[in-house]
Number of protein chains: 2
Amino acid sequence: MELYLIRHGIAVERGIYDEDRDRPLTDKGIARTQQVAQRLQTLGLQFDWILTSPFCRASQTAQILIEAGLGETLETSELLEPDRPIEPWLNWLSAWPPAQIQDCRLALVGHEPNWGDWAEQLIFGEIRGHLSIKKAGIVGLSLPPFELLSWPEVRSPLGTSQLFWLAPPRLLL
Amino acid sequence: MELYLIRHGIAVERGIYDEDRDRPLTDKGIARTQQVAQRLQTLGLQFDWILTSPFCRASQTAQILIEAGLGETLETSELLEPDRPIEPWLNWLSAWPPAQIQDCRLALVGHEPNWGDWAEQLIFGEIRGHLSIKKAGIVGLSLPPFELLSWPEVRSPLGTSQLFWLAPPRLLL
């Protein structure tokens, strides 16, 4: 399974909106995210699923991915809100039949420092804060096959996943 | 200090040349490496130094970087040969005056699995084999400031560096 962690684009500064979750993308944020999405589409990337944090800046980013033709299925999950740990999301994932997620390309749209933390946990099994993910940047991870020990017990992807992409918009445009 | 680990391009298969070190890039390897170099040049990247493994496929790759205008200074070092550990190279690096390498952009041209191993050691302090670096691919790392504890003793960049790029040619072209 391939997992893509996509950080939301440039958003309106804190302090203008009462709630952090309501901050939308700026015009520049929208334009740059559209360019990134277009580029990913040109690369032939297709997501079987796009899952987004419910925060405005993330769901706008996910919507741009859909509009660029990168996927058809968009869902919102509170498990991707800022500062959420990875384990509840992995539990959610492991509840799916393995045949359905085995060869799946899944995109998660959300926040920092989550994505850096989650990626580090998937690759190394622990958080160090040593991955730098820019706004509208993307991380590509290959998760090991979900082995059926005795379903729903699966071999954990924590510390066993492979990193194959880490790119800011600058590298993509 | 920014450190870029660049893997050599596609080379002639093993078995055709007596010595592994003599294997040159294929025509496709040359063309693709040139495209990558051109792209990095367009991004405005400039290396203060390019250091290459003496193996033919690596030094050809380094030469292509020079021809694309990515740097002017090219040196060859046996410390970058396949399967060399990172420590002797770090010792070599720490022998330079810190002021000279502090804000330096250094490119190393060499091999896998070295680059994946070295990058993991710089980011996490240990090797897991969980970074996937394609031929003519690039890894960008930010090393912490070389602090003068009592020179030549410096704070080690092992386990304290930041990963900001990991890109195969596909993502760059």
# chains A, B, ... in the order shown; residues from 1 in each chain; ligands from 1
call {"tool": "select_by_dssp", "arguments": {"residues": "chain A", "states": "alpha helix (DSSP H)", "output": "MDAnalysis selection string"}}
result
chainID A and resid 27:42 56:67 86:94 98:101 114:124 169:172
call {"tool": "residues_around", "arguments": {"residues": "Gln102 of chain B", "least_positions_apart": "3", "cutoff": "9 Å", "atoms": "only C-alpha atoms", "output": "MDAnalysis selection string"}}
result
chainID B and resid 1:2 97:99 105 144:146
call {"tool": "interface_residues", "arguments": {"of": "chain B", "to": "chain A", "cutoff": "8 Å", "atoms": "only C-alpha atoms", "output": "PyMOL selection string"}}
result
chain B and resi 43+123-124+128+130-133+160-168+170-172
call {"tool": "write_last_selection", "arguments": {"atoms": "N, CA, C and O atoms", "output": "PDB file, in the first residue's frame"}}
result
ATOM      1  N   LEU B  43      16.219  25.196 -10.795  1.00  0.00           N
ATOM      2  CA  LEU B  43      15.759  25.500  -9.433  1.00  0.00           C
ATOM      3  C   LEU B  43      16.674  26.499  -8.727  1.00  0.00           C
ATOM      4  O   LEU B  43      16.382  26.931  -7.613  1.00  0.00           O
ATOM      5  N   ILE B 123      19.860  11.553  10.007  1.00  0.00           N
ATOM      6  CA  ILE B 123      18.553  11.959  10.534  1.00  0.00           C
ATOM      7  C   ILE B 123      18.250  11.272  11.867  1.00  0.00           C
ATOM      8  O   ILE B 123      17.803  11.899  12.814  1.00  0.00           O
ATOM      9  N   PHE B 124      18.497   9.974  11.907  1.00  0.00           N
ATOM     10  CA  PHE B 124      18.035   9.184  13.056  1.00  0.00           C
ATOM     11  C   PHE B 124      19.139   8.555  13.899  1.00  0.00           C
ATOM     12  O   PHE B 124      18.848   7.943  14.925  1.00  0.00           O
ATOM     13  N   ARG B 128      18.342   1.789   9.085  1.00  0.00           N
ATOM     14  CA  ARG B 128      17.194   0.894   9.056  1.00  0.00           C
ATOM     15  C   ARG B 128      16.940   0.325   7.663  1.00  0.00           C
ATOM     16  O   ARG B 128      16.198  -0.613   7.501  1.00  0.00           O
ATOM     17  N   HIS B 130      15.315   2.024   5.317  1.00  0.00           N
ATOM     18  CA  HIS B 130      13.943   2.400   4.990  1.00  0.00           C
ATOM     19  C   HIS B 130      13.825   3.637   4.106  1.00  0.00           C
ATOM     20  O   HIS B 130      12.748   4.215   3.996  1.00  0.00           O
ATOM     21  N   LEU B 131      14.939   4.069   3.515  1.00  0.00           N
ATOM     22  CA  LEU B 131      14.859   5.166   2.550  1.00  0.00           C
ATOM     23  C   LEU B 131      15.137   4.587   1.160  1.00  0.00           C
ATOM     24  O   LEU B 131      16.075   3.804   0.992  1.00  0.00           O
ATOM     25  N   SER B 132      14.327   4.971   0.212  1.00  0.00           N
ATOM     26  CA  SER B 132      14.475   4.416  -1.131  1.00  0.00           C
ATOM     27  C   SER B 132      14.977   5.500  -2.082  1.00  0.00           C
ATOM     28  O   SER B 132      14.271   6.474  -2.360  1.00  0.00           O
ATOM     29  N   ILE B 133      16.224   5.359  -2.550  1.00  0.00           N
ATOM     30  CA  ILE B 133      16.833   6.391  -3.396  1.00  0.00           C
ATOM     31  C   ILE B 133      17.109   5.813  -4.783  1.00  0.00           C
ATOM     32  O   ILE B 133      17.914   4.914  -4.947  1.00  0.00           O
ATOM     33  N   THR B 160      21.025  14.297  14.199  1.00  0.00           N
ATOM     34  CA  THR B 160      20.576  15.670  14.486  1.00  0.00           C
ATOM     35  C   THR B 160      20.293  16.452  13.196  1.00  0.00           C
ATOM     36  O   THR B 160      19.994  17.635  13.250  1.00  0.00           O
ATOM     37  N   SER B 161      20.397  15.798  12.052  1.00  0.00           N
ATOM     38  CA  SER B 161      20.175  16.490  10.779  1.00  0.00           C
ATOM     39  C   SER B 161      18.714  16.414  10.362  1.00  0.00           C
ATOM     40  O   SER B 161      17.945  15.588  10.847  1.00  0.00           O
ATOM     41  N   GLN B 162      18.372  17.283   9.455  1.00  0.00           N
ATOM     42  CA  GLN B 162      16.993  17.451   8.995  1.00  0.00           C
ATOM     43  C   GLN B 162      16.890  17.003   7.529  1.00  0.00           C
ATOM     44  O   GLN B 162      17.735  17.379   6.715  1.00  0.00           O
ATOM     45  N   LEU B 163      15.879  16.208   7.213  1.00  0.00           N
ATOM     46  CA  LEU B 163      15.658  15.796   5.812  1.00  0.00           C
ATOM     47  C   LEU B 163      14.639  16.736   5.178  1.00  0.00           C
ATOM     48  O   LEU B 163      13.532  16.895   5.695  1.00  0.00           O
ATOM     49  N   PHE B 164      15.008  17.374   4.048  1.00  0.00           N
ATOM     50  CA  PHE B 164      14.022  18.246   3.401  1.00  0.00           C
ATOM     51  C   PHE B 164      13.680  17.845   1.965  1.00  0.00           C
ATOM     52  O   PHE B 164      12.697  18.313   1.416  1.00  0.00           O
ATOM     53  N   TRP B 165      14.489  16.973   1.352  1.00  0.00           N
ATOM     54  CA  TRP B 165      14.187  16.466   0.003  1.00  0.00           C
ATOM     55  C   TRP B 165      14.497  14.985  -0.066  1.00  0.00           C
ATOM     56  O   TRP B 165      15.526  14.537   0.458  1.00  0.00           O
ATOM     57  N   LEU B 166      13.645  14.266  -0.754  1.00  0.00           N
ATOM     58  CA  LEU B 166      13.993  12.906  -1.193  1.00  0.00           C
ATOM     59  C   LEU B 166      13.208  12.715  -2.480  1.00  0.00           C
ATOM     60  O   LEU B 166      11.980  12.629  -2.458  1.00  0.00           O
ATOM     61  N   ALA B 167      13.925  12.723  -3.592  1.00  0.00           N
ATOM     62  CA  ALA B 167      13.218  12.738  -4.876  1.00  0.00           C
ATOM     63  C   ALA B 167      13.901  11.876  -5.918  1.00  0.00           C
ATOM     64  O   ALA B 167      15.108  11.978  -6.143  1.00  0.00           O
ATOM     65  N   PRO B 168      13.114  11.009  -6.565  1.00  0.00           N
ATOM     66  CA  PRO B 168      13.632  10.261  -7.717  1.00  0.00           C
ATOM     67  C   PRO B 168      13.546  11.152  -8.955  1.00  0.00           C
ATOM     68  O   PRO B 168      12.856  12.175  -8.935  1.00  0.00           O
ATOM     69  N   ARG B 170      11.871  10.814 -11.557  1.00  0.00           N
ATOM     70  CA  ARG B 170      10.471  10.936 -11.983  1.00  0.00           C
ATOM     71  C   ARG B 170       9.789  12.184 -11.414  1.00  0.00           C
ATOM     72  O   ARG B 170       8.980  12.837 -12.086  1.00  0.00           O
ATOM     73  N   LEU B 171      10.113  12.489 -10.187  1.00  0.00           N
ATOM     74  CA  LEU B 171       9.467  13.624  -9.529  1.00  0.00           C
ATOM     75  C   LEU B 171      10.044  14.951 -10.031  1.00  0.00           C
ATOM     76  O   LEU B 171       9.403  15.999  -9.934  1.00  0.00           O
ATOM     77  N   LEU B 172      11.262  14.878 -10.555  1.00  0.00           N
ATOM     78  CA  LEU B 172      11.961  16.106 -10.942  1.00  0.00           C
ATOM     79  C   LEU B 172      11.755  16.486 -12.410  1.00  0.00           C
ATOM     80  O   LEU B 172      11.960  17.634 -12.783  1.00  0.00           O
TER      81      LEU B 172
END
call {"tool": "closest_residue", "arguments": {"among": "A:Ser156, A:Gln46, A:Phe55, A:Leu79", "to": "Gly125 of chain A", "atoms": "only C-alpha atoms"}}
result
A:Ser156
call {"tool": "residues_around", "arguments": {"residues": "Ala62 of chain A", "least_positions_apart": "4", "cutoff": "9 Å", "atoms": "only C-alpha atoms", "output": "PyMOL selection string"}}
result
chain A and resi 6+8+50-53+57-58+66-67+74+108-110
call {"tool": "atom_distance", "arguments": {"atom1": "atom CA of Ile30 of chain A", "atom2": "atom CA of Asp117 of chain A"}}
result
25.1 Å
call {"tool": "select_by_dssp", "arguments": {"residues": "chain A", "states": "strand (DSSP E)", "output": "ChimeraX atom specification"}}
result
/A:2-7,49-52,74-76,105-110,138-142,148-150,153-154,162-167
call {"tool": "write_last_selection", "arguments": {"atoms": "N, CA and C atoms", "output": "mmCIF file, in the first residue's frame"}}
result
data_model
loop_
_atom_site.group_PDB
_atom_site.id
_atom_site.type_symbol
_atom_site.label_atom_id
_atom_site.label_comp_id
_atom_site.auth_asym_id
_atom_site.auth_seq_id
_atom_site.Cartn_x
_atom_site.Cartn_y
_atom_site.Cartn_z
ATOM 1 N N GLU A 2 0.467 2.206 -0.834
ATOM 2 C CA GLU A 2 1.188 3.481 -0.859
ATOM 3 C C GLU A 2 0.378 4.550 -0.122
ATOM 4 N N LEU A 3 1.076 5.223 0.756
ATOM 5 C CA LEU A 3 0.431 6.268 1.545
ATOM 6 C C LEU A 3 1.088 7.610 1.233
ATOM 7 N N TYR A 4 0.279 8.592 0.871
ATOM 8 C CA TYR A 4 0.792 9.928 0.573
ATOM 9 C C TYR A 4 0.273 10.900 1.622
ATOM 10 N N LEU A 5 1.196 11.558 2.305
ATOM 11 C CA LEU A 5 0.821 12.562 3.304
ATOM 12 C C LEU A 5 0.999 13.932 2.656
ATOM 13 N N ILE A 6 -0.084 14.641 2.517
ATOM 14 C CA ILE A 6 -0.040 15.948 1.846
ATOM 15 C C ILE A 6 -0.393 17.036 2.849
ATOM 16 N N ARG A 7 0.492 18.006 2.949
ATOM 17 C CA ARG A 7 0.211 19.115 3.874
ATOM 18 C C ARG A 7 -0.619 20.176 3.167
ATOM 19 N N TRP A 49 -8.320 6.755 -2.607
ATOM 20 C CA TRP A 49 -9.036 7.435 -1.545
ATOM 21 C C TRP A 49 -8.315 8.702 -1.177
ATOM 22 N N ILE A 50 -9.038 9.747 -0.907
ATOM 23 C CA ILE A 50 -8.433 10.933 -0.293
ATOM 24 C C ILE A 50 -9.180 11.170 1.005
ATOM 25 N N LEU A 51 -8.409 11.227 2.062
ATOM 26 C CA LEU A 51 -8.984 11.412 3.393
ATOM 27 C C LEU A 51 -8.439 12.742 3.917
ATOM 28 N N THR A 52 -9.293 13.591 4.421
ATOM 29 C CA THR A 52 -8.798 14.906 4.860
ATOM 30 C C THR A 52 -9.201 15.247 6.288
ATOM 31 N N LEU A 74 -13.564 11.262 -1.649
ATOM 32 C CA LEU A 74 -13.051 12.161 -0.604
ATOM 33 C C LEU A 74 -13.850 11.964 0.667
ATOM 34 N N GLU A 75 -13.123 11.715 1.749
ATOM 35 C CA GLU A 75 -13.793 11.601 3.044
ATOM 36 C C GLU A 75 -13.094 12.493 4.058
ATOM 37 N N THR A 76 -13.845 12.876 5.070
ATOM 38 C CA THR A 76 -13.309 13.726 6.125
ATOM 39 C C THR A 76 -13.193 12.907 7.401
ATOM 40 N N ARG A 105 -3.782 3.115 -3.134
ATOM 41 C CA ARG A 105 -3.052 4.377 -2.999
ATOM 42 C C ARG A 105 -3.925 5.351 -2.228
ATOM 43 N N LEU A 106 -3.462 5.680 -1.061
ATOM 44 C CA LEU A 106 -4.269 6.489 -0.159
ATOM 45 C C LEU A 106 -3.581 7.824 0.111
ATOM 46 N N ALA A 107 -4.325 8.923 -0.012
ATOM 47 C CA ALA A 107 -3.763 10.239 0.307
ATOM 48 C C ALA A 107 -4.427 10.776 1.574
ATOM 49 N N LEU A 108 -3.606 11.277 2.481
ATOM 50 C CA LEU A 108 -4.131 11.937 3.684
ATOM 51 C C LEU A 108 -3.768 13.413 3.589
ATOM 52 N N VAL A 109 -4.732 14.265 3.773
ATOM 53 C CA VAL A 109 -4.471 15.708 3.723
ATOM 54 C C VAL A 109 -4.603 16.272 5.134
ATOM 55 N N GLY A 110 -3.548 16.913 5.593
ATOM 56 C CA GLY A 110 -3.592 17.402 6.966
ATOM 57 C C GLY A 110 -2.478 18.373 7.295
ATOM 58 N N ILE A 138 4.555 17.086 -0.166
ATOM 59 C CA ILE A 138 4.066 15.710 -0.184
ATOM 60 C C ILE A 138 5.134 14.723 0.287
ATOM 61 N N VAL A 139 4.673 13.723 0.995
ATOM 62 C CA VAL A 139 5.536 12.639 1.463
ATOM 63 C C VAL A 139 4.958 11.339 0.913
ATOM 64 N N GLY A 140 5.789 10.506 0.305
ATOM 65 C CA GLY A 140 5.326 9.217 -0.228
ATOM 66 C C GLY A 140 5.927 8.072 0.566
ATOM 67 N N LEU A 141 5.072 7.192 1.055
ATOM 68 C CA LEU A 141 5.522 6.066 1.888
ATOM 69 C C LEU A 141 4.957 4.764 1.350
ATOM 70 N N SER A 142 5.761 3.737 1.429
ATOM 71 C CA SER A 142 5.297 2.424 1.032
ATOM 72 C C SER A 142 5.138 1.578 2.295
ATOM 73 N N LEU A 148 -1.816 -11.211 7.187
ATOM 74 C CA LEU A 148 -2.894 -11.751 8.007
ATOM 75 C C LEU A 148 -2.308 -12.688 9.037
ATOM 76 N N LEU A 149 -2.018 -12.158 10.202
ATOM 77 C CA LEU A 149 -1.592 -13.050 11.283
ATOM 78 C C LEU A 149 -2.869 -13.776 11.692
ATOM 79 N N SER A 150 -3.751 -13.012 12.291
ATOM 80 C CA SER A 150 -5.110 -13.519 12.474
ATOM 81 C C SER A 150 -5.953 -12.263 12.496
ATOM 82 N N GLU A 153 -5.595 -8.772 13.433
ATOM 83 C CA GLU A 153 -4.209 -8.523 13.829
ATOM 84 C C GLU A 153 -3.347 -8.469 12.591
ATOM 85 N N VAL A 154 -2.599 -7.384 12.427
ATOM 86 C CA VAL A 154 -1.735 -7.269 11.248
ATOM 87 C C VAL A 154 -0.342 -6.887 11.720
ATOM 88 N N GLN A 162 8.628 2.299 4.145
ATOM 89 C CA GLN A 162 9.699 2.803 3.300
ATOM 90 C C GLN A 162 9.356 4.221 2.836
ATOM 91 N N LEU A 163 10.311 5.140 2.912
ATOM 92 C CA LEU A 163 10.087 6.503 2.409
ATOM 93 C C LEU A 163 10.626 6.610 0.986
ATOM 94 N N PHE A 164 9.793 7.026 0.040
ATOM 95 C CA PHE A 164 10.307 7.165 -1.331
ATOM 96 C C PHE A 164 10.178 8.582 -1.892
ATOM 97 N N TRP A 165 9.389 9.430 -1.277
ATOM 98 C CA TRP A 165 9.276 10.829 -1.706
ATOM 99 C C TRP A 165 9.234 11.747 -0.487
ATOM 100 N N LEU A 166 9.898 12.857 -0.597
ATOM 101 C CA LEU A 166 9.671 13.967 0.336
ATOM 102 C C LEU A 166 9.963 15.221 -0.472
ATOM 103 N N ALA A 167 8.911 15.946 -0.817
ATOM 104 C CA ALA A 167 9.108 17.051 -1.751
ATOM 105 C C ALA A 167 8.255 18.268 -1.399
#
call {"tool": "closest_residue", "arguments": {"among": "A:Ala119, A:Ala136, A:Cys56, A:Leu45", "to": "Gly29 of chain A", "atoms": "only C-alpha atoms"}}
result
A:Ala136
call {"tool": "decode", "arguments": {"residues": "segment 130-141 of chain B", "atoms": "all heavy atoms", "output": "mmCIF file, in the first residue's frame"}}
result
data_model
loop_
_atom_site.group_PDB
_atom_site.id
_atom_site.type_symbol
_atom_site.label_atom_id
_atom_site.label_comp_id
_atom_site.auth_asym_id
_atom_site.auth_seq_id
_atom_site.Cartn_x
_atom_site.Cartn_y
_atom_site.Cartn_z
ATOM 1 N N HIS B 130 15.315 2.024 5.317
ATOM 2 C CA HIS B 130 13.943 2.400 4.990
ATOM 3 C C HIS B 130 13.825 3.637 4.106
ATOM 4 O O HIS B 130 12.748 4.215 3.996
ATOM 5 C CB HIS B 130 13.120 2.573 6.271
ATOM 6 C CG HIS B 130 12.829 1.277 6.949
ATOM 7 N ND1 HIS B 130 12.282 1.185 8.201
ATOM 8 C CD2 HIS B 130 13.010 -0.009 6.528
ATOM 9 C CE1 HIS B 130 12.143 -0.090 8.524
ATOM 10 N NE2 HIS B 130 12.591 -0.832 7.544
ATOM 11 N N LEU B 131 14.939 4.069 3.515
ATOM 12 C CA LEU B 131 14.859 5.166 2.550
ATOM 13 C C LEU B 131 15.137 4.587 1.160
ATOM 14 O O LEU B 131 16.075 3.804 0.992
ATOM 15 C CB LEU B 131 15.887 6.260 2.849
ATOM 16 C CG LEU B 131 15.839 6.945 4.206
ATOM 17 C CD1 LEU B 131 16.742 8.161 4.198
ATOM 18 C CD2 LEU B 131 14.420 7.358 4.586
ATOM 19 N N SER B 132 14.327 4.971 0.212
ATOM 20 C CA SER B 132 14.475 4.416 -1.131
ATOM 21 C C SER B 132 14.977 5.500 -2.082
ATOM 22 O O SER B 132 14.271 6.474 -2.360
ATOM 23 C CB SER B 132 13.110 3.854 -1.535
ATOM 24 O OG SER B 132 12.986 3.778 -2.898
ATOM 25 N N ILE B 133 16.224 5.359 -2.550
ATOM 26 C CA ILE B 133 16.833 6.391 -3.396
ATOM 27 C C ILE B 133 17.109 5.813 -4.783
ATOM 28 O O ILE B 133 17.914 4.914 -4.947
ATOM 29 C CB ILE B 133 18.145 6.916 -2.767
ATOM 30 C CG1 ILE B 133 17.859 7.435 -1.356
ATOM 31 C CG2 ILE B 133 18.773 7.997 -3.636
ATOM 32 C CD1 ILE B 133 19.097 7.597 -0.511
ATOM 33 N N LYS B 134 16.419 6.319 -5.768
ATOM 34 C CA LYS B 134 16.532 5.830 -7.144
ATOM 35 C C LYS B 134 17.819 6.338 -7.799
ATOM 36 O O LYS B 134 18.401 7.332 -7.350
ATOM 37 C CB LYS B 134 15.333 6.320 -7.975
ATOM 38 C CG LYS B 134 13.998 5.836 -7.459
ATOM 39 C CD LYS B 134 13.742 4.418 -7.861
ATOM 40 C CE LYS B 134 12.319 4.013 -7.503
ATOM 41 N NZ LYS B 134 12.113 2.569 -7.608
ATOM 42 N N LYS B 135 18.177 5.708 -8.911
ATOM 43 C CA LYS B 135 19.345 6.176 -9.674
ATOM 44 C C LYS B 135 19.078 7.586 -10.188
ATOM 45 O O LYS B 135 17.983 7.874 -10.680
ATOM 46 C CB LYS B 135 19.625 5.222 -10.833
ATOM 47 C CG LYS B 135 20.096 3.861 -10.319
ATOM 48 C CD LYS B 135 20.559 2.960 -11.429
ATOM 49 C CE LYS B 135 21.059 1.640 -10.853
ATOM 50 N NZ LYS B 135 20.038 0.573 -10.972
ATOM 51 N N ALA B 136 20.087 8.443 -10.069
ATOM 52 C CA ALA B 136 19.992 9.871 -10.394
ATOM 53 C C ALA B 136 18.991 10.591 -9.485
ATOM 54 O O ALA B 136 18.546 11.691 -9.801
ATOM 55 C CB ALA B 136 19.668 10.120 -11.864
ATOM 56 N N GLY B 137 18.673 9.963 -8.380
ATOM 57 C CA GLY B 137 17.813 10.585 -7.372
ATOM 58 C C GLY B 137 18.630 11.450 -6.423
ATOM 59 O O GLY B 137 19.864 11.354 -6.390
ATOM 60 N N ILE B 138 17.942 12.281 -5.656
ATOM 61 C CA ILE B 138 18.637 13.232 -4.778
ATOM 62 C C ILE B 138 17.999 13.286 -3.390
ATOM 63 O O ILE B 138 16.780 13.161 -3.250
ATOM 64 C CB ILE B 138 18.670 14.646 -5.425
ATOM 65 C CG1 ILE B 138 19.499 15.624 -4.598
ATOM 66 C CG2 ILE B 138 17.260 15.190 -5.652
ATOM 67 C CD1 ILE B 138 19.857 16.911 -5.335
ATOM 68 N N VAL B 139 18.854 13.432 -2.400
ATOM 69 C CA VAL B 139 18.414 13.575 -1.010
ATOM 70 C C VAL B 139 18.977 14.900 -0.502
ATOM 71 O O VAL B 139 20.161 15.168 -0.697
ATOM 72 C CB VAL B 139 18.975 12.428 -0.138
ATOM 73 C CG1 VAL B 139 18.578 12.609 1.319
ATOM 74 C CG2 VAL B 139 18.518 11.078 -0.656
ATOM 75 N N GLY B 140 18.145 15.727 0.111
ATOM 76 C CA GLY B 140 18.621 16.998 0.661
ATOM 77 C C GLY B 140 18.549 16.981 2.170
ATOM 78 O O GLY B 140 17.508 16.667 2.736
ATOM 79 N N LEU B 141 19.670 17.303 2.801
ATOM 80 C CA LEU B 141 19.746 17.267 4.266
ATOM 81 C C LEU B 141 20.308 18.576 4.786
ATOM 82 O O LEU B 141 21.215 19.156 4.182
ATOM 83 C CB LEU B 141 20.679 16.140 4.712
ATOM 84 C CG LEU B 141 20.243 14.719 4.380
ATOM 85 C CD1 LEU B 141 21.456 13.823 4.217
ATOM 86 C CD2 LEU B 141 19.322 14.188 5.470
#
